[in-house]
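*Asks:* Quick one: the structure is below, and I'll ask about it shortly.
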Amino acid sequence: MNEAFIKQHLSRIRRSGSLFRLVSSRDVLRMHDGDANVIIVGAGVYGLSTALSFAQRGFTNVCVIEQSAEIPHRLSASGDWTRVVRADYGACAVTTRAALIAIERWRKLRRADGLPLLHETGMLFVNSKPWGDQQMEPLAFATLKACGVPVLRMSEWSSELRTRLSNIVNLSTYVDGYFNPWGGFAEARAYTEYLYKECLRKNVRFMLGTEVREFQFETAKGSSLPHRLLCTNGQVLSANRIVLCMGAYIAKPEILQQLVTYAPALKSMLRLTAHPIMYWDLSTCSADTQRWMQEAPVVCPDMNDTGYYIFPGWRSDSHAGKILLKLGHHGTGYQFKNAADAFSTTTTDEICSAPSSHTSVVNWPSRIASFRSILTEVYPASVSSRMKLHEAKLCCYCDSADEVFCIDDILPGVTLASGDSGHAFKFGPVLGEVIADAVLHLPKDQCDPDLYDFQMLCRLSAMRYQAASHTGKQNSVSMGDAMRSKL
Ligand SMILES: Cc1cc2nc3c(=O)[nH]c(=O)nc-3n(C[C@H](O)[C@H](O)[C@H](O)COP(=O)(O)OP(=O)(O)OC[C@H]3O[C@@H](n4cnc5c(N)ncnc54)[C@H](O)[C@@H]3O)c2cc1C
C-alpha cells in the first residue's frame, strides 16, 4: 500500500522537488553549486548522521548547532541508553527493506572498546489471541518472509527454541506469535557518541550550547541570498543549505509557529508527545534468571493492543554494572501545555519523586502499577516479583500525523528532517544517507534503490499529511501499521 502511494505520486515529486512549496529545477541546481555551507540544527541521531553523510561525500563546510553543551543532550531522544532495532513493520515493504539495510550496517558497528553496538537478541512477538488478518504481526511476518528473513511462527518452533524462550516468557499465556532472529537492541547513547566522534574526525564543526531561536528564511523566488538563523548567544548564521533535525523540540510552539509561516502544512503535521519508559533492576533475581534475561529477545506482548515492548536484561557499565531490564510503551503519549515541562524528565524509585511539572499530566504511581502488571503477565512470578524499579522517566518523540518520517524541503535550501514518531533510531546507520540524498535531490540511479524508495516515502510529507489526521485512526500510509496502542 505504501508502494502504491509512492508510485502514484512519484512523478509529481520528481517534477516539483517538494510538495510543501514547488521547488523549481533551477533552485535544485543552485543547491548543487560549489561547496556551499551546510548548517544542521540539532545533534541527535538525525543531525549527526546527516552531518557525517555530508562530510563523507566531501563537503568541507558542515556545521552542527546544538543547544546542549554536551552530546548527546541528556534530555534528547537520542540520549537514552538503549533503543530497539528491528525491521518488523507490518505490511510496509519499503520500510522493512530500509530497516533491513540498517540492521546489516548495525552489525558492523563497534563501540570504542570493540564490542558490538547492536545486541542481536532477536524479536519475539507473542499474542494471547489467534492472529486476525489485518493485525501487525501476521502482516509483518509475511513481509519479512518475503524479504528473506528467517522468521519462525510459534507453530514452527523447534523444541530447543521453545525451551529457551519458555525459560524467559510465560508461553502458556500466548497462542500465537513469531520469533525473528534479526534485530534486537542498540546502545543508543554510545552510538550517538560514536557519530559525534566520527563527525569530529571528518572535520564537521560544532557550535555547542547554542540554541537557534529565530529562523529567517529567504523566500524571494530565485534569490541567491542565504537563509539566516538567529541564536540565543546573539550570533546570526547564514547558509545556503539548512537541515532542521531538532527532534521533538521542533514541535515546541515557539519554534513550530515560525516554521508554519513558511510551510503551513506543518501546523497539524508534527506534534510533541512524551512517552514513559522504566528501567527495572534484576540484581535480586537468581543468577540463572539474570543469565536467561540477558540472552532473551526483545519481547512485544500483544503489541497492537498493549503497546509494550520489553528489552532483554542489559549489564550497564554506566549503572555500576547493574543488570537492567527496560520496559517501554509505544502509545499515544502525553501532551504538555507547556512543552518545556515535557523535557524535565525523571523519577527514581517506587516512591516516585517526579518533577512537579509532571504531576498534573502523569499519574506515575498508576503508570508504574500498569508497567508492573505487564511484567507479571509476561514473566514467571518468580522472576517478575523480584524486579525492582530503578528509574522511570518520560522521553519525547516528534510524532508525525501518520507516523512516517518527514524528510522534505520546506523551501529551496531548507530541509526538514523530523517526525521520528518513536522509530528513527533503528534507521540510524541509513538515516544520514537518506537525508543527504533528499537534500541534494539525487536521482534514483545515484542512490541505493531501496533507500531511495524509503526517501520517497518520507519526502511525500506534505502530501501524506493531507491524507492523514491526528484522530488516532490509521491511514493508508502508516509506517507503523497500527502499532500505536491507546495510552
Ligand atoms: C520513549 C522513547 C522510546 C523510543 N524507542 C525507540 C526504539 O526502541 N527504537 C527506535 O528506533 N527509536 C526509538 N525512539 C525514537 C528515537 O529515539 C528517536 O527517533 C531519535 O532519537 C530521534 O532523533 P532526533 O535526532 O530526531 O532527535 P533528538 O535525539 O531529540 O535530537 C534533537 C537535538 O536537537 C537539539 N535542538 C533542538 N532544538 C534546537 C535548537 N533550536 N537549537 C539548537 N539545538 C536544538 C536538541 O537539543 C537535541 O540534541 C524512542 C523515543 C522515545 C522518546
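Naming works like this for the C-alpha cells: A, B, ... for the chains as they're shown, residue 1 at the start of each chain, ligands 1 onward in shown order.
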Can you pull out every residue within 12 Å of Pro150 (chain A), counting only C-alpha atoms, but drop anything in the same chain fewer than 3 positions away, and send it as a ChimeraX atom specification?

*Replies:* /A:122-123,141-147,153,156-157,178-183

*Asks:* Based on the selection just made, write N, CA and C atoms of those residues as a PDB file, in the first residue's frame.

*Replies:*
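Output below, filename result-v9.pdb:
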ATOM      1  N   GLY A 122      17.320 -10.845  18.767  1.00  0.00           N
ATOM      2  CA  GLY A 122      16.088 -11.259  18.098  1.00  0.00           C
ATOM      3  C   GLY A 122      14.874 -10.576  18.716  1.00  0.00           C
ATOM      4  N   MET A 123      13.751 -10.737  18.010  1.00  0.00           N
ATOM      5  CA  MET A 123      12.483 -10.112  18.424  1.00  0.00           C
ATOM      6  C   MET A 123      11.451 -11.214  18.629  1.00  0.00           C
ATOM      7  N   PHE A 141       5.049 -10.638   9.604  1.00  0.00           N
ATOM      8  CA  PHE A 141       5.596 -11.982   9.388  1.00  0.00           C
ATOM      9  C   PHE A 141       5.698 -12.279   7.887  1.00  0.00           C
ATOM     10  N   ALA A 142       4.602 -11.993   7.161  1.00  0.00           N
ATOM     11  CA  ALA A 142       4.575 -12.276   5.718  1.00  0.00           C
ATOM     12  C   ALA A 142       5.581 -11.383   4.981  1.00  0.00           C
ATOM     13  N   THR A 143       5.659 -10.105   5.365  1.00  0.00           N
ATOM     14  CA  THR A 143       6.569  -9.174   4.671  1.00  0.00           C
ATOM     15  C   THR A 143       8.020  -9.594   4.909  1.00  0.00           C
ATOM     16  N   LEU A 144       8.333  -9.928   6.143  1.00  0.00           N
ATOM     17  CA  LEU A 144       9.711 -10.320   6.465  1.00  0.00           C
ATOM     18  C   LEU A 144      10.092 -11.593   5.715  1.00  0.00           C
ATOM     19  N   LYS A 145       9.163 -12.544   5.694  1.00  0.00           N
ATOM     20  CA  LYS A 145       9.424 -13.812   4.991  1.00  0.00           C
ATOM     21  C   LYS A 145       9.719 -13.531   3.512  1.00  0.00           C
ATOM     22  N   ALA A 146       8.903 -12.656   2.926  1.00  0.00           N
ATOM     23  CA  ALA A 146       9.095 -12.312   1.516  1.00  0.00           C
ATOM     24  C   ALA A 146      10.444 -11.633   1.296  1.00  0.00           C
ATOM     25  N   CYS A 147      10.970 -10.979   2.339  1.00  0.00           N
ATOM     26  CA  CYS A 147      12.280 -10.316   2.221  1.00  0.00           C
ATOM     27  C   CYS A 147      13.428 -11.261   2.596  1.00  0.00           C
ATOM     28  N   ARG A 153       7.154 -18.836  12.924  1.00  0.00           N
ATOM     29  CA  ARG A 153       5.875 -18.715  13.631  1.00  0.00           C
ATOM     30  C   ARG A 153       5.871 -19.703  14.794  1.00  0.00           C
ATOM     31  N   GLU A 156       5.933 -23.311  14.390  1.00  0.00           N
ATOM     32  CA  GLU A 156       7.109 -23.909  13.701  1.00  0.00           C
ATOM     33  C   GLU A 156       8.334 -24.004  14.624  1.00  0.00           C
ATOM     34  N   TRP A 157       8.207 -23.570  15.866  1.00  0.00           N
ATOM     35  CA  TRP A 157       9.391 -23.523  16.730  1.00  0.00           C
ATOM     36  C   TRP A 157       9.916 -24.920  17.038  1.00  0.00           C
ATOM     37  N   TYR A 178       5.491 -14.911  16.688  1.00  0.00           N
ATOM     38  CA  TYR A 178       6.635 -15.345  15.887  1.00  0.00           C
ATOM     39  C   TYR A 178       7.937 -14.847  16.497  1.00  0.00           C
ATOM     40  N   PHE A 179       9.002 -15.558  16.128  1.00  0.00           N
ATOM     41  CA  PHE A 179      10.340 -15.161  16.569  1.00  0.00           C
ATOM     42  C   PHE A 179      11.110 -14.718  15.336  1.00  0.00           C
ATOM     43  N   ASN A 180      11.699 -13.548  15.438  1.00  0.00           N
ATOM     44  CA  ASN A 180      12.523 -13.027  14.334  1.00  0.00           C
ATOM     45  C   ASN A 180      13.949 -12.893  14.861  1.00  0.00           C
ATOM     46  N   PRO A 181      14.875 -13.739  14.374  1.00  0.00           N
ATOM     47  CA  PRO A 181      16.238 -13.684  14.919  1.00  0.00           C
ATOM     48  C   PRO A 181      16.997 -12.422  14.535  1.00  0.00           C
ATOM     49  N   TRP A 182      16.483 -11.657  13.582  1.00  0.00           N
ATOM     50  CA  TRP A 182      17.184 -10.449  13.127  1.00  0.00           C
ATOM     51  C   TRP A 182      16.676  -9.230  13.893  1.00  0.00           C
ATOM     52  N   GLY A 183      17.595  -8.523  14.492  1.00  0.00           N
ATOM     53  CA  GLY A 183      17.229  -7.334  15.270  1.00  0.00           C
ATOM     54  C   GLY A 183      17.484  -7.573  16.750  1.00  0.00           C
TER      55      GLY A 183
END

*Asks:* Distance table requested - chain A against ligand 1, cut-off 6 Å, only C-alpha atoms and all ligand atoms: one row per qualifying residue with the closest atom pair and its distance in Å to one decimal, ordered by chain and rising residue number, as JSON lines.

*Replies:*
{"residue": "A:Val41", "atom": "CA", "partner": "ligand 1", "partner_atom_place_in_ligand_line": "43 (C)", "distance": 5.5}
{"residue": "A:Gly42", "atom": "CA", "partner": "ligand 1", "partner_atom_place_in_ligand_line": "34 (O)", "distance": 3.1}
{"residue": "A:Ala43", "atom": "CA", "partner": "ligand 1", "partner_atom_place_in_ligand_line": "49 (O)", "distance": 4.7}
{"residue": "A:Gly44", "atom": "CA", "partner": "ligand 1", "partner_atom_place_in_ligand_line": "25 (O)", "distance": 3.3}
{"residue": "A:Val45", "atom": "CA", "partner": "ligand 1", "partner_atom_place_in_ligand_line": "25 (O)", "distance": 4.1}
{"residue": "A:Tyr46", "atom": "CA", "partner": "ligand 1", "partner_atom_place_in_ligand_line": "25 (O)", "distance": 3.9}
{"residue": "A:Gly47", "atom": "CA", "partner": "ligand 1", "partner_atom_place_in_ligand_line": "25 (O)", "distance": 5.5}
{"residue": "A:Ile65", "atom": "CA", "partner": "ligand 1", "partner_atom_place_in_ligand_line": "43 (C)", "distance": 5.3}
{"residue": "A:Glu66", "atom": "CA", "partner": "ligand 1", "partner_atom_place_in_ligand_line": "44 (N)", "distance": 3.7}
{"residue": "A:Gln67", "atom": "CA", "partner": "ligand 1", "partner_atom_place_in_ligand_line": "43 (C)", "distance": 3.9}
{"residue": "A:Ser68", "atom": "CA", "partner": "ligand 1", "partner_atom_place_in_ligand_line": "47 (O)", "distance": 5.3}
{"residue": "A:His73", "atom": "CA", "partner": "ligand 1", "partner_atom_place_in_ligand_line": "49 (O)", "distance": 4.7}
{"residue": "A:Ser76", "atom": "CA", "partner": "ligand 1", "partner_atom_place_in_ligand_line": "30 (O)", "distance": 3.7}
{"residue": "A:Ala77", "atom": "CA", "partner": "ligand 1", "partner_atom_place_in_ligand_line": "29 (O)", "distance": 3.9}
{"residue": "A:Ser78", "atom": "CA", "partner": "ligand 1", "partner_atom_place_in_ligand_line": "21 (O)", "distance": 3.6}
{"residue": "A:Arg83", "atom": "CA", "partner": "ligand 1", "partner_atom_place_in_ligand_line": "8 (O)", "distance": 3.8}
{"residue": "A:Val84", "atom": "CA", "partner": "ligand 1", "partner_atom_place_in_ligand_line": "8 (O)", "distance": 3.6}
{"residue": "A:Val85", "atom": "CA", "partner": "ligand 1", "partner_atom_place_in_ligand_line": "9 (N)", "distance": 5.6}
{"residue": "A:Thr210", "atom": "CA", "partner": "ligand 1", "partner_atom_place_in_ligand_line": "43 (C)", "distance": 5.8}
{"residue": "A:Glu211", "atom": "CA", "partner": "ligand 1", "partner_atom_place_in_ligand_line": "42 (N)", "distance": 3.6}
{"residue": "A:Val212", "atom": "CA", "partner": "ligand 1", "partner_atom_place_in_ligand_line": "42 (N)", "distance": 4.0}
{"residue": "A:Arg213", "atom": "CA", "partner": "ligand 1", "partner_atom_place_in_ligand_line": "41 (N)", "distance": 5.6}
{"residue": "A:Cys245", "atom": "CA", "partner": "ligand 1", "partner_atom_place_in_ligand_line": "26 (O)", "distance": 5.6}
{"residue": "A:Met246", "atom": "CA", "partner": "ligand 1", "partner_atom_place_in_ligand_line": "34 (O)", "distance": 3.7}
{"residue": "A:Gly247", "atom": "CA", "partner": "ligand 1", "partner_atom_place_in_ligand_line": "27 (O)", "distance": 3.3}
{"residue": "A:Ala248", "atom": "CA", "partner": "ligand 1", "partner_atom_place_in_ligand_line": "30 (O)", "distance": 5.7}
{"residue": "A:Tyr249", "atom": "CA", "partner": "ligand 1", "partner_atom_place_in_ligand_line": "37 (C)", "distance": 4.8}
{"residue": "A:His275", "atom": "CA", "partner": "ligand 1", "partner_atom_place_in_ligand_line": "1 (C)", "distance": 4.8}
{"residue": "A:Pro276", "atom": "CA", "partner": "ligand 1", "partner_atom_place_in_ligand_line": "1 (C)", "distance": 5.8}
{"residue": "A:Ile277", "atom": "CA", "partner": "ligand 1", "partner_atom_place_in_ligand_line": "1 (C)", "distance": 5.6}
{"residue": "A:Cys395", "atom": "CA", "partner": "ligand 1", "partner_atom_place_in_ligand_line": "53 (C)", "distance": 3.9}
{"residue": "A:Cys396", "atom": "CA", "partner": "ligand 1", "partner_atom_place_in_ligand_line": "53 (C)", "distance": 4.1}
{"residue": "A:Tyr397", "atom": "CA", "partner": "ligand 1", "partner_atom_place_in_ligand_line": "53 (C)", "distance": 4.6}
{"residue": "A:Ser418", "atom": "CA", "partner": "ligand 1", "partner_atom_place_in_ligand_line": "26 (O)", "distance": 5.7}
{"residue": "A:Asp420", "atom": "CA", "partner": "ligand 1", "partner_atom_place_in_ligand_line": "19 (O)", "distance": 4.3}
{"residue": "A:Gly422", "atom": "CA", "partner": "ligand 1", "partner_atom_place_in_ligand_line": "15 (C)", "distance": 3.5}
{"residue": "A:His423", "atom": "CA", "partner": "ligand 1", "partner_atom_place_in_ligand_line": "12 (N)", "distance": 3.8}
{"residue": "A:Ala424", "atom": "CA", "partner": "ligand 1", "partner_atom_place_in_ligand_line": "19 (O)", "distance": 3.5}
{"residue": "A:Phe425", "atom": "CA", "partner": "ligand 1", "partner_atom_place_in_ligand_line": "11 (O)", "distance": 3.3}
{"residue": "A:Lys426", "atom": "CA", "partner": "ligand 1", "partner_atom_place_in_ligand_line": "11 (O)", "distance": 3.7}

*Asks:* For the selection you just gave me, I'd like the residues written to a file as an mmCIF file, in the first residue's frame, keeping C-alpha atoms.

*Replies:*
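Written output follows (again.cif):
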data_model
loop_
_atom_site.group_PDB
_atom_site.id
_atom_site.type_symbol
_atom_site.label_atom_id
_atom_site.label_comp_id
_atom_site.auth_asym_id
_atom_site.auth_seq_id
_atom_site.Cartn_x
_atom_site.Cartn_y
_atom_site.Cartn_z
ATOM 1 C CA VAL A 41 20.312 22.304 13.617
ATOM 2 C CA GLY A 42 20.298 19.562 16.270
ATOM 3 C CA ALA A 43 22.842 16.905 17.209
ATOM 4 C CA GLY A 44 20.645 13.849 17.767
ATOM 5 C CA VAL A 45 20.802 10.780 15.530
ATOM 6 C CA TYR A 46 19.128 12.664 12.645
ATOM 7 C CA GLY A 47 21.508 15.630 12.766
ATOM 8 C CA ILE A 65 24.379 23.705 16.045
ATOM 9 C CA GLU A 66 23.308 22.102 19.306
ATOM 10 C CA GLN A 67 21.635 23.816 22.223
ATOM 11 C CA SER A 68 23.130 21.445 24.771
ATOM 12 C CA HIS A 73 21.879 16.023 25.065
ATOM 13 C CA SER A 76 17.053 14.292 23.792
ATOM 14 C CA ALA A 77 15.543 11.139 22.329
ATOM 15 C CA SER A 78 18.987 10.020 21.162
ATOM 16 C CA ARG A 83 16.774 1.515 21.618
ATOM 17 C CA VAL A 84 15.067 -1.383 19.854
ATOM 18 C CA VAL A 85 16.382 -2.148 16.384
ATOM 19 C CA THR A 210 23.898 27.466 21.131
ATOM 20 C CA GLU A 211 20.152 27.457 20.635
ATOM 21 C CA VAL A 212 18.595 28.641 17.378
ATOM 22 C CA ARG A 213 15.682 30.865 18.396
ATOM 23 C CA CYS A 245 16.996 17.997 12.813
ATOM 24 C CA MET A 246 15.575 19.213 16.086
ATOM 25 C CA GLY A 247 13.711 16.094 17.213
ATOM 26 C CA ALA A 248 10.682 16.745 19.420
ATOM 27 C CA TYR A 249 11.925 20.284 20.073
ATOM 28 C CA HIS A 275 6.288 8.563 26.470
ATOM 29 C CA PRO A 276 7.099 6.617 29.613
ATOM 30 C CA ILE A 277 9.988 4.193 29.921
ATOM 31 C CA CYS A 395 11.111 10.807 26.789
ATOM 32 C CA CYS A 396 9.743 12.882 23.897
ATOM 33 C CA TYR A 397 9.036 11.933 20.294
ATOM 34 C CA SER A 418 11.822 15.197 11.610
ATOM 35 C CA ASP A 420 10.639 10.368 14.105
ATOM 36 C CA GLY A 422 9.459 6.860 18.049
ATOM 37 C CA HIS A 423 11.181 4.911 15.256
ATOM 38 C CA ALA A 424 14.233 6.726 13.977
ATOM 39 C CA PHE A 425 16.988 5.090 15.960
ATOM 40 C CA LYS A 426 16.623 1.768 14.159
#

*Asks:* Using only C-alpha atoms, determine which residues lie at most 12 Å from Ala263 (chain A), disregarding the query and same-chain residues fewer than 3 positions distant; provide the list as a PyMOL selection string.

*Replies:* chain A and resi 18-22+217+219+256-260+266-270+408-412+414-416+461-462

*Asks:* At what distance in Å, to one decimal, does CA of Lys221 (chain A) lie from CA of Tyr262 (chain A)?

*Replies:*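 Result for CA of Tyr262 (chain A) versus CA of Lys221 (chain A): 13.3 Å, one decimal.
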
*Asks:* Can you work out the spacing between CA of Glu403 (chain A) and CA of Gly419 (chain A) in Å, to one decimal?

*Replies:* 7.1 Å

*Asks:* Could you give me the residues within region 98-201 of chain A that DSSP places in helix (DSSP H, G or I), as a ChimeraX atom specification?

*Replies:* /A:98-106,136-146,154-156,159-166,171-173,188-201

*Asks:* Write a file of the just-selected residues containing C-alpha atoms, as a CSV table (one decimal), in the first residue's frame.

*Replies:*
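As written to disk, result20.csv reads:
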chain,number,residue,atom,x,y,z
A,98,ALA,CA,15.2,0.1,4.7
A,99,ALA,CA,15.3,-1.3,8.2
A,100,LEU,CA,16.9,-4.5,7.0
A,101,ILE,CA,19.7,-2.5,5.3
A,102,ALA,CA,20.1,-0.6,8.6
A,103,ILE,CA,20.4,-3.9,10.5
A,104,GLU,CA,23.1,-5.1,8.1
A,105,ARG,CA,25.0,-1.9,8.9
A,106,TRP,CA,24.3,-2.0,12.6
A,136,MET,CA,0.5,-6.1,12.6
A,137,GLU,CA,2.1,-9.4,13.5
A,138,PRO,CA,0.8,-11.6,10.6
A,139,LEU,CA,1.4,-8.7,8.1
A,140,ALA,CA,5.0,-8.2,9.4
A,141,PHE,CA,5.6,-12.0,9.4
A,142,ALA,CA,4.6,-12.3,5.7
A,143,THR,CA,6.6,-9.2,4.7
A,144,LEU,CA,9.7,-10.3,6.5
A,145,LYS,CA,9.4,-13.8,5.0
A,146,ALA,CA,9.1,-12.3,1.5
A,154,MET,CA,5.1,-20.2,17.1
A,155,SER,CA,3.7,-23.4,15.5
A,156,GLU,CA,7.1,-23.9,13.7
A,159,SER,CA,11.7,-27.8,21.0
A,160,GLU,CA,15.1,-26.2,21.6
A,161,LEU,CA,13.8,-22.7,20.8
A,162,ARG,CA,10.6,-23.3,22.7
A,163,THR,CA,12.5,-24.4,25.8
A,164,ARG,CA,14.9,-21.4,25.5
A,165,LEU,CA,12.0,-19.0,25.3
A,166,SER,CA,9.9,-20.6,27.9
A,171,LEU,CA,4.5,-19.0,26.9
A,172,SER,CA,1.3,-20.6,28.3
A,173,THR,CA,-0.4,-17.2,28.1
A,188,ALA,CA,21.8,4.3,21.7
A,189,ARG,CA,23.8,6.8,23.7
A,190,ALA,CA,27.0,5.0,22.7
A,191,TYR,CA,26.0,5.2,19.1
A,192,THR,CA,25.2,8.9,19.3
A,193,GLU,CA,28.7,9.4,20.9
A,194,TYR,CA,30.2,7.4,18.1
A,195,LEU,CA,28.5,9.5,15.4
A,196,TYR,CA,29.8,12.7,17.2
A,197,LYS,CA,33.4,11.4,17.2
A,198,GLU,CA,33.2,10.3,13.6
A,199,CYS,CA,31.9,13.8,12.7
A,200,LEU,CA,34.8,15.4,14.5
A,201,ARG,CA,37.2,13.1,12.8

*Asks:* From a backbone DSSP assignment, name each residue in region 59-104 of chain A labelled strand (DSSP E or B), as a list of chain:residue names.

*Replies:*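 Strand (DSSP E or B) members of region 59-104 of chain A, listed: A:Val62, A:Cys63, A:Val64, A:Ile65, A:Glu66, A:Thr82, A:Arg83, A:Val84, A:Val85.
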
*Asks:* Just to be explicit: take each residue in the selection above, keep N, CA and C atoms, and write the result as an mmCIF file, in the first residue's frame.

*Replies:*
data_model
loop_
_atom_site.group_PDB
_atom_site.id
_atom_site.type_symbol
_atom_site.label_atom_id
_atom_site.label_comp_id
_atom_site.auth_asym_id
_atom_site.auth_seq_id
_atom_site.Cartn_x
_atom_site.Cartn_y
_atom_site.Cartn_z
ATOM 1 N N VAL A 62 30.640 21.890 6.872
ATOM 2 C CA VAL A 62 29.430 21.392 7.527
ATOM 3 C C VAL A 62 29.481 21.801 8.995
ATOM 4 N N CYS A 63 28.407 22.397 9.479
ATOM 5 C CA CYS A 63 28.388 22.866 10.871
ATOM 6 C C CYS A 63 27.105 22.383 11.549
ATOM 7 N N VAL A 64 27.243 21.868 12.769
ATOM 8 C CA VAL A 64 26.077 21.415 13.540
ATOM 9 C C VAL A 64 25.898 22.353 14.730
ATOM 10 N N ILE A 65 24.671 22.838 14.895
ATOM 11 C CA ILE A 65 24.379 23.705 16.045
ATOM 12 C C ILE A 65 23.557 22.900 17.046
ATOM 13 N N GLU A 66 23.999 22.898 18.282
ATOM 14 C CA GLU A 66 23.308 22.102 19.306
ATOM 15 C C GLU A 66 23.140 22.954 20.558
ATOM 16 N N THR A 82 19.370 2.829 25.543
ATOM 17 C CA THR A 82 19.165 1.743 24.570
ATOM 18 C C THR A 82 17.934 2.004 23.704
ATOM 19 N N ARG A 83 17.916 1.405 22.523
ATOM 20 C CA ARG A 83 16.774 1.515 21.618
ATOM 21 C C ARG A 83 16.590 0.195 20.873
ATOM 22 N N VAL A 84 15.347 -0.164 20.623
ATOM 23 C CA VAL A 84 15.067 -1.383 19.854
ATOM 24 C C VAL A 84 15.464 -1.161 18.403
ATOM 25 N N VAL A 85 16.058 -2.179 17.814
ATOM 26 C CA VAL A 85 16.382 -2.148 16.384
ATOM 27 C C VAL A 85 15.682 -3.350 15.754
#

*Asks:* I'd like the contact shell of Glu187 (chain A) - 9 Å cut-off, only C-alpha atoms, skipping same-chain residues fewer than 5 positions apart - returned as a list of chain:residue names.

*Replies:*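 Once the adjacent positions are removed, what remains is A:Asp80, A:Trp81, A:Thr82, A:Arg83, A:Arg111, A:Pro116, A:Leu117, A:Leu118, A:His119, A:Thr192.
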
*Asks:* Would you compute the distance between CA of Ile435 (chain A) and CA of Gln235 (chain A)? Give it in Å to one decimal.

*Replies:*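 One can read the CA of Ile435 (chain A) to CA of Gln235 (chain A) distance as 26.4 Å.
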